[in-house]
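Below is the file run.cif, which contains mmCIF, C-alpha atoms.
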data_protein
loop_
_atom_site.label_atom_id
_atom_site.label_comp_id
_atom_site.auth_asym_id
_atom_site.auth_seq_id
_atom_site.Cartn_x
_atom_site.Cartn_y
_atom_site.Cartn_z
CA MET A 38 213.82 185.72 360.15
CA LYS A 39 215.12 182.30 361.18
CA ASP A 40 212.39 180.60 359.11
CA LYS A 41 213.70 182.17 355.91
CA LYS A 42 216.07 180.04 353.88
CA LEU A 43 219.26 181.75 352.82
CA THR A 44 220.20 181.92 349.16
CA ASP A 45 223.41 180.31 347.96
CA ALA A 46 225.05 183.73 347.69
CA GLU A 47 223.95 184.69 351.21
CA ILE A 48 225.43 181.48 352.62
CA VAL A 49 228.77 182.05 350.90
CA LYS A 50 228.85 185.70 352.02
CA ALA A 51 228.05 184.73 355.61
CA TRP A 52 230.90 182.21 355.66
CA GLU A 53 233.26 184.82 354.21
CA VAL A 54 232.32 187.25 356.99
CA ILE A 55 232.74 184.56 359.65
CA LYS A 56 236.17 183.67 358.29
CA GLU A 57 237.22 187.30 358.01
CA ARG A 58 236.05 188.20 361.52
CA LYS A 59 237.06 184.86 363.06
CA ARG A 60 233.56 184.23 364.43
CA ILE A 61 231.67 181.08 365.29
CA PRO A 62 228.84 180.33 362.83
CA SER A 63 225.27 180.19 364.09
CA GLN A 64 223.27 176.99 363.99
CA TYR A 65 220.98 178.76 361.52
CA LEU A 66 223.87 179.26 359.07
CA ILE A 67 225.09 175.70 359.60
CA ASP A 68 221.60 174.31 358.90
CA ASN A 69 221.27 176.41 355.73
CA THR A 70 224.72 175.30 354.63
CA PHE A 71 223.82 171.63 355.02
CA ASP A 72 220.58 172.24 353.12
CA LEU A 73 222.61 173.77 350.28
CA ILE A 74 225.10 170.90 350.31
CA ASN A 75 222.27 168.35 350.20
CA LEU A 76 220.59 170.15 347.31
CA GLN A 77 223.86 170.23 345.39
CA LYS A 78 224.45 166.54 346.10
CA ALA A 79 220.97 165.70 344.84
CA GLU A 80 221.52 167.80 341.70
CA ASN A 81 224.89 166.11 341.08
CA GLU A 82 223.26 162.69 341.46
CA ARG A 83 220.49 163.67 339.06
CA LEU A 84 223.05 164.85 336.50
CA GLU A 85 225.12 161.67 336.92
CA ASN A 86 222.00 159.56 336.36
CA THR A 87 221.14 161.62 333.29
CA ILE A 88 224.63 161.06 331.88
CA ILE A 89 224.41 157.33 332.56
CA ALA A 90 220.99 157.13 330.89
CA LEU A 91 222.29 159.10 327.90
CA MET A 92 225.32 156.86 327.55
CA ASN A 93 223.09 153.77 327.72
CA TYR A 94 220.81 155.27 325.09
CA LEU A 95 223.79 156.00 322.84
CA ASP A 96 224.87 152.37 323.25
CA ILE A 97 221.39 151.20 322.23
CA LEU A 98 221.53 153.45 319.17
CA GLY A 99 224.99 152.18 318.33
CA VAL A 100 226.52 155.67 318.38
CA ASP A 101 230.29 155.91 318.54
CA LYS A 102 230.76 157.91 321.74
CA THR A 103 234.25 158.95 320.69
CA ASP A 104 232.75 160.85 317.75
CA THR A 105 231.38 164.06 319.24
CA SER A 106 229.75 165.36 316.06
CA PHE A 107 226.47 163.85 317.24
CA VAL A 108 226.46 166.33 320.14
CA LYS A 109 226.00 169.28 317.79
CA GLU A 110 223.28 167.47 315.89
CA ALA A 111 221.52 166.49 319.12
CA THR A 112 221.74 170.06 320.38
CA GLU A 113 220.17 171.42 317.20
CA LEU A 114 217.44 168.78 317.32
CA ASN A 115 216.77 169.64 320.96
CA LYS A 116 216.44 173.36 320.06
CA GLN A 117 213.97 172.53 317.27
CA ILE A 118 211.91 170.28 319.52
CA ARG A 119 211.76 172.99 322.18
CA ALA A 120 210.71 175.59 319.58
CA ASP A 121 207.97 173.25 318.32
CA ILE A 122 206.71 172.62 321.85
CA LYS A 123 206.72 176.35 322.55
CA ALA A 124 204.77 177.05 319.36
CA GLU A 125 202.19 174.42 320.29
CA ALA A 126 201.88 175.94 323.75
CA TYR A 127 201.23 179.38 322.23
CA LYS A 128 198.57 177.88 319.98
CA GLU A 129 196.91 176.11 322.89
CA PHE A 130 197.02 179.31 324.95
CA ALA A 131 195.42 181.35 322.19
CA ASP A 132 192.66 178.77 321.63
CA ARG A 133 191.82 178.59 325.30
CA LEU A 134 191.89 182.36 325.66
CA LYS A 135 189.47 182.76 322.75
CA GLU A 136 187.09 180.23 324.29
CA ILE A 137 187.12 182.04 327.61
CA PHE A 138 186.31 185.34 325.98
CA LYS A 139 183.58 183.76 323.86
CA GLN A 140 181.93 182.49 327.03
CA TYR A 141 182.21 185.54 329.26
CA TRP A 142 182.65 188.75 327.24
CA PHE A 143 179.33 189.26 325.49
CA ASP A 144 179.57 193.03 325.17
CA TYR A 145 182.91 193.04 323.37
CA PRO A 146 183.02 192.36 319.62
CA ILE A 147 184.57 188.94 319.99
CA HIS A 148 185.60 188.57 316.35
CA VAL A 149 187.95 191.56 316.81
CA PHE A 150 189.50 189.96 319.88
CA CYS A 151 189.86 186.57 318.13
CA ASP A 152 191.44 188.18 315.07
CA GLU A 153 193.89 190.09 317.25
CA THR A 154 194.74 186.94 319.22
CA ASP A 155 195.41 185.07 315.96
CA ASN A 156 197.61 187.94 314.73
CA LEU A 157 199.58 187.89 317.97
CA LEU A 158 200.04 184.15 317.75
CA LYS A 159 201.28 184.43 314.16
CA GLU A 160 203.73 187.08 315.27
CA LEU A 161 205.00 184.95 318.16
CA VAL A 162 205.45 181.65 316.32
CA GLY A 163 205.79 182.83 312.75
CA GLU A 164 202.84 180.87 311.38
#

Write the structure described by the file as structure tokens, please.
Amino acid sequence: MKDKKLTDAEIVKAWEVIKERKRIPSQYLIDNTFDLINLQKAENERLENTIIALMNYLDILGVDKTDTSFVKEATELNKQIRADIKAEAYKEFADRLKEIFKQYWFDYPIHVFCDETDNLLKELVGE
């Protein structure tokens, strides 16, 4: 059991129990706690670097950072880009799946499978 990493919630709960019962924490809990702290520090650093890069990019674009209307526009653009990427991934998946079945499923009427795959793709991405 000592090889298993504790989840964030398990670490917090363990510390609550230790505090409540006035116990001494195990080295296992201490190690997991430091792992969690280090992960959170790394995530905070990554987010700080992302913010710095974004602010630099906004400077390059000449965007007035006091005007927050660009945030809504950027959010909408981000959603559209993600939807486009997702649609392309569905298309790629369907194409690859059809090729696999064309190569290996000789006994199945492949045109039925391909038609059904195309219909599913149209349903998923609306094209």

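One distance worth recording is that between atom CA of Lys56 of chain A and atom CA of Asn69 of chain A, which is 16.8 Å.
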
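Under the PyMOL selection byres ((chain A and resi 73) around 12), the matching residues in the shown file are Lys42, Leu43, Thr44, Asp45, Ala46, Glu47, Ile48, Val49, Leu66, Ile67, Asp68, Asn69, Thr70, Phe71, Asp72, Ile74, Asn75, Leu76, Gln77, Lys78, Ala79 and Glu80 of chain A.
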
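In this model, the gap between atom CA of Val108 of chain A and atom CA of Arg83 of chain A comes to 20.0 Å.
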